[in-house]
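Student: Dropping the structure in here first, questions after.
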Number of protein chains: 2
Amino acid sequence: MDVKTLCLGILCRQDASGYDIKKHFETAFSHFFAAGFGSIYPALAELSDSGLVTCDEECRHGKPGRKVYRVTEAGRQAFIAALRETEPRHKVRSEFLVLMYFAELMSTDRLREVLDQRAQEIENLFTKADEFDHRFGDPLSAGEQFVSGYGRALLKAAREYIRENRHLVENDHKQNLTTSPRRIRA
Amino acid sequence: MDVKTLCLGILCRQDASGYDIKKHFETAFSHFFAAGFGSIYPALAELSDSGLVTCDEECRHGKPGRKVYRVTEAGRQAFIAALRETEPRHKVRSEFLVLMYFAELMSTDRLREVLDQRAQEIENLFTKADEFDHRFGDPLSAGEQFVSGYGRALLKAAREYIRENRHLVENDHKQNLTTSPRRIRA
DNA sequence: ACGGTCATGTAAAGTGTTACATGATTAC
DNA sequence: GTAATCATGTAACACTTTACATGACCGT
């Protein structure tokens with residue numbers, strides 16, 4: 001599922017500008033999807049061209065002019081069709097785990113730094129999740145509740161695991177970094 | 001961190017062919033990094049060109065000729081440097097969670113199907129993790145243990161969360177899909 | 001004044017995915 | 001015999017990331 005389709009989905013919930021949509025990615029979608037302006041603005045232009053959304057430009061004396069997009073009936077149907085066809089994949093790409101995997105090739109100091117940084121990042125994500133859940137305004141939909149709880153549950157598991165197992169990599173007393181053992185193919 | 005660097009890392013542990021490296025991505029790295037042949041083979045060619053690895057081609061009467069790569073001292077140092085400089089990011093891209101987020105726009109049947117599929121996928125990943133841990137041959141390194149345990153811990157959390165919370169989205173009694181409520185910007 | 005937020009957009013570069021093309025060997 | 005696994009590689013395509021370019025408004 002690409003950014004274009006996600007934008008369409010967000011617009012099925014509420015009218016929004018590109019900037020609003022970016023905010024949505026950073027809050028509601030933060031723990032399972034990322035998108036930058038460089039993906040969002042072209043996506044909105046394409047959606048507009050194909051008639052899946054319409055665009056009202058607010059007149060402002062300044063240059064840019066805030067553009068508020070609204071989904072059309074065709075757009076809504078297209079998104080519902082996309083939901084029917086999308087494979088429910090789930091992919092992780094973790095440089096953090098790569099570093100842990102190669103712990104033997106890293107200094108203890110660097111390992112500690114990386115683990116602390118990751119632990120801190122997890123705490124920040126908890127805070128962000130709290131802010132999202134307790135924002136006032138609309139109550140959370142069932143989907144939002146499920147997804148928010150999911151993120152929280154995995155965050156909790158990650159925090160606990162790191163706390164209890166960081167010693168596995170930190171206490172790894174290394175010999176010589178340049179001659180650490182290599183396996184020979186059988 | 002790109003596929004090229006990861007290939008270099010894998011080669012710091014053991015000599016391998018492109019095919020072997022693909023296997024490594026599918027087993028040891030499966031829950032935190034993915035790479036296909038279309039990334040791996042060009043990466044190995046580039047590593048070879050820049051002198052970070054050498055290549056022994058096994059002569060075979062057939063055409064392809066298995067190529068076994070070996071890291072050079074320069075390559076080893078380059079990888080260790082990469083480990084020092086790599087930011088410990090951790091990104092998820094989950095179409096599954098996107099679907100859950102938009103549960104209101106999906107039929108209960110489709111939601112059940114998606115949840116069952118995800119649950120099954122998680123079970124498969126547990127099986128794969130077991131196979132990886134209990135393979136004979138080399139015992140797991142500290143890094144491998146940490147990463148394998150991490151994957152397992154998060155898998156467990158995901159399984160439990162889905163079991164206990166799928167009702168949130170499944171029991172969402174929908175009215176009319178085409179006119180479900182939309183929020184208006186404040 | 002200055003920093004943060006609001007606001008839009010383009011272009012190039014980087015990276016990965018998919019499909020294609022080929023063929024031997026091994027296990028059932 | 002036939003399917004799976006072993007084995008390499010290219011080319012086109014899709015998509016995202018990053019850097020650039022611009023500027024108003026609001027709070028302190």
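We name chains A, B, ... following the order of the structure tokens; residues begin at 1 in each chain, and ligands are numbered from 1 as shown.
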Residues of chain D within 10 Å of chain B, using only C-alpha atoms (C1' of nucleotides), as a PyMOL selection string?
Tutor: chain D and resi 6-10
Student: Quick one: chain A onto chain B, least squares on all Cα paired in order, result as an mmCIF file with C-alpha atoms, in the first residue's frame?
Tutor:
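So the final result, stored in superposed.cif, reads:
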```
data_model
loop_
_atom_site.group_PDB
_atom_site.id
_atom_site.type_symbol
_atom_site.label_atom_id
_atom_site.label_comp_id
_atom_site.auth_asym_id
_atom_site.auth_seq_id
_atom_site.Cartn_x
_atom_site.Cartn_y
_atom_site.Cartn_z
ATOM 1 C CA MET A 1 22.077 0.833 6.387
ATOM 2 C CA ASP A 2 21.808 -0.639 2.927
ATOM 3 C CA VAL A 3 21.915 -4.179 1.604
ATOM 4 C CA LYS A 4 25.520 -3.714 0.503
ATOM 5 C CA THR A 5 26.691 -3.030 4.046
ATOM 6 C CA LEU A 6 24.634 -5.918 5.405
ATOM 7 C CA CYS A 7 26.219 -8.287 2.897
ATOM 8 C CA LEU A 8 29.614 -7.080 4.042
ATOM 9 C CA GLY A 9 28.604 -7.768 7.643
ATOM 10 C CA ILE A 10 27.423 -11.260 6.868
ATOM 11 C CA LEU A 11 30.724 -11.905 5.108
ATOM 12 C CA CYS A 12 32.573 -10.772 8.253
ATOM 13 C CA ARG A 13 31.084 -13.841 9.921
ATOM 14 C CA GLN A 14 31.458 -16.400 7.174
ATOM 15 C CA ASP A 15 32.405 -16.744 3.544
ATOM 16 C CA ALA A 16 29.323 -17.056 1.394
ATOM 17 C CA SER A 17 27.798 -16.901 -2.055
ATOM 18 C CA GLY A 18 24.966 -14.584 -3.027
ATOM 19 C CA TYR A 19 22.618 -17.475 -2.596
ATOM 20 C CA ASP A 20 23.925 -18.194 0.911
ATOM 21 C CA ILE A 21 23.486 -14.541 1.805
ATOM 22 C CA LYS A 22 19.892 -14.612 0.651
ATOM 23 C CA LYS A 23 19.345 -17.594 2.971
ATOM 24 C CA HIS A 24 20.897 -15.617 5.791
ATOM 25 C CA PHE A 25 18.449 -12.777 5.235
ATOM 26 C CA GLU A 26 15.593 -15.242 5.248
ATOM 27 C CA THR A 27 16.616 -16.948 8.472
ATOM 28 C CA ALA A 28 18.793 -14.906 10.838
ATOM 29 C CA PHE A 29 17.563 -11.512 9.637
ATOM 30 C CA SER A 30 14.023 -12.466 8.729
ATOM 31 C CA HIS A 31 12.263 -10.440 11.391
ATOM 32 C CA PHE A 32 14.194 -7.207 10.959
ATOM 33 C CA PHE A 33 15.534 -6.934 7.440
ATOM 34 C CA ALA A 34 14.626 -8.166 3.977
ATOM 35 C CA ALA A 35 16.607 -8.353 0.756
ATOM 36 C CA GLY A 36 16.075 -10.023 -2.601
ATOM 37 C CA PHE A 37 18.511 -11.239 -5.253
ATOM 38 C CA GLY A 38 17.983 -8.031 -7.141
ATOM 39 C CA SER A 39 19.650 -6.131 -4.303
ATOM 40 C CA ILE A 40 22.182 -8.739 -3.216
ATOM 41 C CA TYR A 41 23.927 -9.578 -6.489
ATOM 42 C CA PRO A 42 24.605 -5.971 -7.512
ATOM 43 C CA ALA A 43 25.746 -5.243 -3.932
ATOM 44 C CA LEU A 44 28.293 -8.068 -4.056
ATOM 45 C CA ALA A 45 29.586 -6.884 -7.403
ATOM 46 C CA GLU A 46 30.096 -3.381 -5.998
ATOM 47 C CA LEU A 47 31.818 -4.692 -2.882
ATOM 48 C CA SER A 48 34.116 -6.707 -5.092
ATOM 49 C CA ASP A 49 34.865 -3.692 -7.298
ATOM 50 C CA SER A 50 35.821 -1.568 -4.320
ATOM 51 C CA GLY A 51 38.090 -4.253 -2.897
ATOM 52 C CA LEU A 52 36.125 -4.853 0.292
ATOM 53 C CA VAL A 53 35.592 -8.489 -0.626
ATOM 54 C CA THR A 54 37.299 -10.981 -2.884
ATOM 55 C CA CYS A 55 35.596 -13.607 -4.971
ATOM 56 C CA ASP A 56 36.533 -17.210 -5.686
ATOM 57 C CA GLU A 57 34.547 -18.700 -8.510
ATOM 58 C CA GLU A 58 34.108 -22.430 -8.236
ATOM 59 C CA CYS A 59 34.514 -23.971 -11.658
ATOM 60 C CA ARG A 60 31.503 -25.960 -12.717
ATOM 61 C CA HIS A 61 30.880 -27.409 -16.155
ATOM 62 C CA GLY A 62 27.380 -25.836 -16.025
ATOM 63 C CA LYS A 63 26.978 -22.125 -16.697
ATOM 64 C CA PRO A 64 26.555 -20.062 -13.521
ATOM 65 C CA GLY A 65 29.597 -21.067 -11.406
ATOM 66 C CA ARG A 66 29.104 -20.595 -7.719
ATOM 67 C CA LYS A 67 30.954 -17.504 -6.476
ATOM 68 C CA VAL A 68 32.167 -17.561 -2.907
ATOM 69 C CA TYR A 69 32.928 -14.153 -1.459
ATOM 70 C CA ARG A 70 35.386 -13.459 1.350
ATOM 71 C CA VAL A 71 35.846 -10.189 3.220
ATOM 72 C CA THR A 72 39.215 -8.436 3.020
ATOM 73 C CA GLU A 73 40.845 -6.601 5.911
ATOM 74 C CA ALA A 74 39.743 -3.315 4.341
ATOM 75 C CA GLY A 75 36.206 -4.680 4.143
ATOM 76 C CA ARG A 76 36.244 -5.730 7.754
ATOM 77 C CA GLN A 77 37.406 -2.298 8.860
ATOM 78 C CA ALA A 78 34.818 -0.636 6.650
ATOM 79 C CA PHE A 79 32.061 -2.694 8.262
ATOM 80 C CA ILE A 80 33.262 -1.943 11.784
ATOM 81 C CA ALA A 81 33.283 1.748 10.869
ATOM 82 C CA ALA A 82 29.732 1.422 9.521
ATOM 83 C CA LEU A 83 28.621 -0.096 12.832
ATOM 84 C CA ARG A 84 30.053 2.923 14.634
ATOM 85 C CA GLU A 85 28.221 5.390 12.415
ATOM 86 C CA THR A 86 24.866 3.730 11.855
ATOM 87 C CA GLU A 87 21.936 5.340 13.631
ATOM 88 C CA PRO A 88 19.966 2.694 15.552
ATOM 89 C CA ARG A 89 16.639 3.238 13.818
ATOM 90 C CA HIS A 90 13.708 0.879 13.988
ATOM 91 C CA LYS A 91 10.932 1.219 11.466
ATOM 92 C CA VAL A 92 7.764 -0.719 10.945
ATOM 93 C CA ARG A 93 5.705 -0.736 7.799
ATOM 94 C CA SER A 94 2.515 -2.615 8.423
ATOM 95 C CA GLU A 95 -0.288 -2.976 5.953
ATOM 96 C CA PHE A 96 -1.911 -5.170 8.590
ATOM 97 C CA LEU A 97 -2.189 -2.265 11.024
ATOM 98 C CA VAL A 98 -3.379 0.026 8.260
ATOM 99 C CA LEU A 99 -6.243 -2.382 7.640
ATOM 100 C CA MET A 100 -7.032 -2.533 11.343
ATOM 101 C CA TYR A 101 -6.972 1.240 11.537
ATOM 102 C CA PHE A 102 -9.615 1.410 8.850
ATOM 103 C CA ALA A 103 -11.635 -1.491 10.249
ATOM 104 C CA GLU A 104 -14.829 0.532 10.049
ATOM 105 C CA LEU A 105 -14.602 0.525 6.282
ATOM 106 C CA MET A 106 -14.223 -3.257 6.043
ATOM 107 C CA SER A 107 -16.691 -6.114 6.207
ATOM 108 C CA THR A 108 -16.602 -8.332 9.281
ATOM 109 C CA ASP A 109 -15.747 -11.299 7.094
ATOM 110 C CA ARG A 110 -12.758 -9.593 5.572
ATOM 111 C CA LEU A 111 -11.598 -8.446 9.014
ATOM 112 C CA ARG A 112 -11.806 -11.950 10.367
ATOM 113 C CA GLU A 113 -9.880 -13.253 7.386
ATOM 114 C CA VAL A 114 -7.145 -10.665 7.843
ATOM 115 C CA LEU A 115 -6.837 -11.276 11.580
ATOM 116 C CA ASP A 116 -6.733 -15.051 11.089
ATOM 117 C CA GLN A 117 -4.123 -14.662 8.405
ATOM 118 C CA ARG A 118 -1.969 -12.483 10.630
ATOM 119 C CA ALA A 119 -2.376 -14.892 13.554
ATOM 120 C CA GLN A 120 -1.326 -17.768 11.308
ATOM 121 C CA GLU A 121 1.653 -15.807 10.025
ATOM 122 C CA ILE A 122 2.763 -15.201 13.606
ATOM 123 C CA GLU A 123 2.583 -18.935 14.319
ATOM 124 C CA ASN A 124 4.688 -19.612 11.238
ATOM 125 C CA LEU A 125 7.256 -17.101 12.412
ATOM 126 C CA PHE A 126 7.444 -18.864 15.782
ATOM 127 C CA THR A 127 8.127 -22.127 13.994
ATOM 128 C CA LYS A 128 10.808 -20.500 11.880
ATOM 129 C CA ALA A 129 12.382 -18.992 14.989
ATOM 130 C CA ASP A 130 12.463 -22.418 16.643
ATOM 131 C CA GLU A 131 14.110 -23.940 13.601
ATOM 132 C CA PHE A 132 16.716 -21.208 13.647
ATOM 133 C CA ASP A 133 17.498 -21.569 17.346
ATOM 134 C CA HIS A 134 17.656 -25.356 17.323
ATOM 135 C CA ARG A 135 19.571 -25.849 14.132
ATOM 136 C CA PHE A 136 22.641 -27.861 14.909
ATOM 137 C CA GLY A 137 26.101 -26.700 14.099
ATOM 138 C CA ASP A 138 27.452 -23.501 15.579
ATOM 139 C CA PRO A 139 25.976 -22.323 18.869
ATOM 140 C CA LEU A 140 24.297 -18.913 18.730
ATOM 141 C CA SER A 141 26.489 -15.872 19.315
ATOM 142 C CA ALA A 142 25.470 -13.311 21.921
ATOM 143 C CA GLY A 143 24.122 -11.042 19.206
ATOM 144 C CA GLU A 144 22.139 -13.836 17.613
ATOM 145 C CA GLN A 145 20.668 -14.794 20.958
ATOM 146 C CA PHE A 146 19.654 -11.235 21.725
ATOM 147 C CA VAL A 147 18.082 -10.654 18.342
ATOM 148 C CA SER A 148 16.336 -14.011 18.233
ATOM 149 C CA GLY A 149 14.934 -13.496 21.712
ATOM 150 C CA TYR A 150 13.816 -10.006 20.782
ATOM 151 C CA GLY A 151 11.910 -11.277 17.786
ATOM 152 C CA ARG A 152 10.291 -13.946 19.872
ATOM 153 C CA ALA A 153 9.306 -11.526 22.643
ATOM 154 C CA LEU A 154 7.610 -9.178 20.198
ATOM 155 C CA LEU A 155 5.934 -12.060 18.392
ATOM 156 C CA LYS A 156 4.544 -13.241 21.702
ATOM 157 C CA ALA A 157 3.254 -9.771 22.549
ATOM 158 C CA ALA A 158 1.631 -9.454 19.120
ATOM 159 C CA ARG A 159 -0.025 -12.862 19.413
ATOM 160 C CA GLU A 160 -1.424 -12.102 22.829
ATOM 161 C CA TYR A 161 -2.597 -8.653 21.887
ATOM 162 C CA ILE A 162 -4.428 -9.875 18.820
ATOM 163 C CA ARG A 163 -6.071 -12.720 20.721
ATOM 164 C CA GLU A 164 -7.325 -10.439 23.441
ATOM 165 C CA ASN A 165 -8.309 -7.441 21.378
ATOM 166 C CA ARG A 166 -9.556 -8.583 18.014
ATOM 167 C CA HIS A 167 -13.092 -8.230 19.289
ATOM 168 C CA LEU A 168 -12.535 -4.453 19.323
ATOM 169 C CA VAL A 169 -12.581 -4.351 15.546
ATOM 170 C CA GLU A 170 -14.550 -7.505 14.753
ATOM 171 C CA ASN A 171 -17.573 -6.600 16.839
ATOM 172 C CA ASP A 172 -17.741 -3.120 15.505
ATOM 173 C CA HIS A 173 -21.319 -3.176 14.228
ATOM 174 C CA LYS A 174 -21.208 -1.092 11.126
ATOM 175 C CA GLN A 175 -24.032 0.949 9.739
ATOM 176 C CA ASN A 176 -23.762 1.930 6.152
ATOM 177 C CA LEU A 177 -20.265 1.643 4.733
ATOM 178 C CA THR A 178 -20.834 4.450 2.292
ATOM 179 C CA THR A 179 -22.021 6.947 4.871
ATOM 180 C CA SER A 180 -19.987 6.164 7.971
ATOM 181 C CA PRO A 181 -19.308 9.261 10.027
ATOM 182 C CA ARG A 182 -16.642 11.725 8.998
ATOM 183 C CA ARG A 183 -15.026 14.221 11.208
ATOM 184 C CA ILE A 184 -15.157 17.859 10.303
ATOM 185 C CA ARG A 185 -12.110 19.970 10.833
ATOM 186 C CA ALA A 186 -12.429 22.319 13.816
#
```
Student: Just give me the gap between atom C1' of DT28 of chain D and atom C1' of DC2 of chain C in Å, one decimal is fine.
Tutor: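 These two atoms are separated by 9.3 Å.
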Student: As number ranges by chain, please: all residues of chain B that backbone DSSP puts in helix (DSSP H, G or I).
Tutor: B: 3-13, 18-26, 37-49, 73-85, 95-101, 103-105, 108-134, 142-170, 177-179
Student: Residues of chain C within 8 Å of chain A, counting only C-alpha atoms (C1' of nucleotides), what are they? List them as a ChimeraX atom specification.
Tutor: /C:7-9
Student: Selection from above, C-alpha atoms (C1' of nucleotides), as a short mmCIF file (atom, residue, chain, number, x, y, z; two decimals), in the first residue's frame, can you write it?
Tutor:
```
data_model
loop_
_atom_site.label_atom_id
_atom_site.label_comp_id
_atom_site.auth_asym_id
_atom_site.auth_seq_id
_atom_site.Cartn_x
_atom_site.Cartn_y
_atom_site.Cartn_z
"C1'" DA C 7 2.27 25.88 4.39
"C1'" DT C 8 3.37 24.17 -0.54
"C1'" DG C 9 5.96 22.31 -3.85
#
```
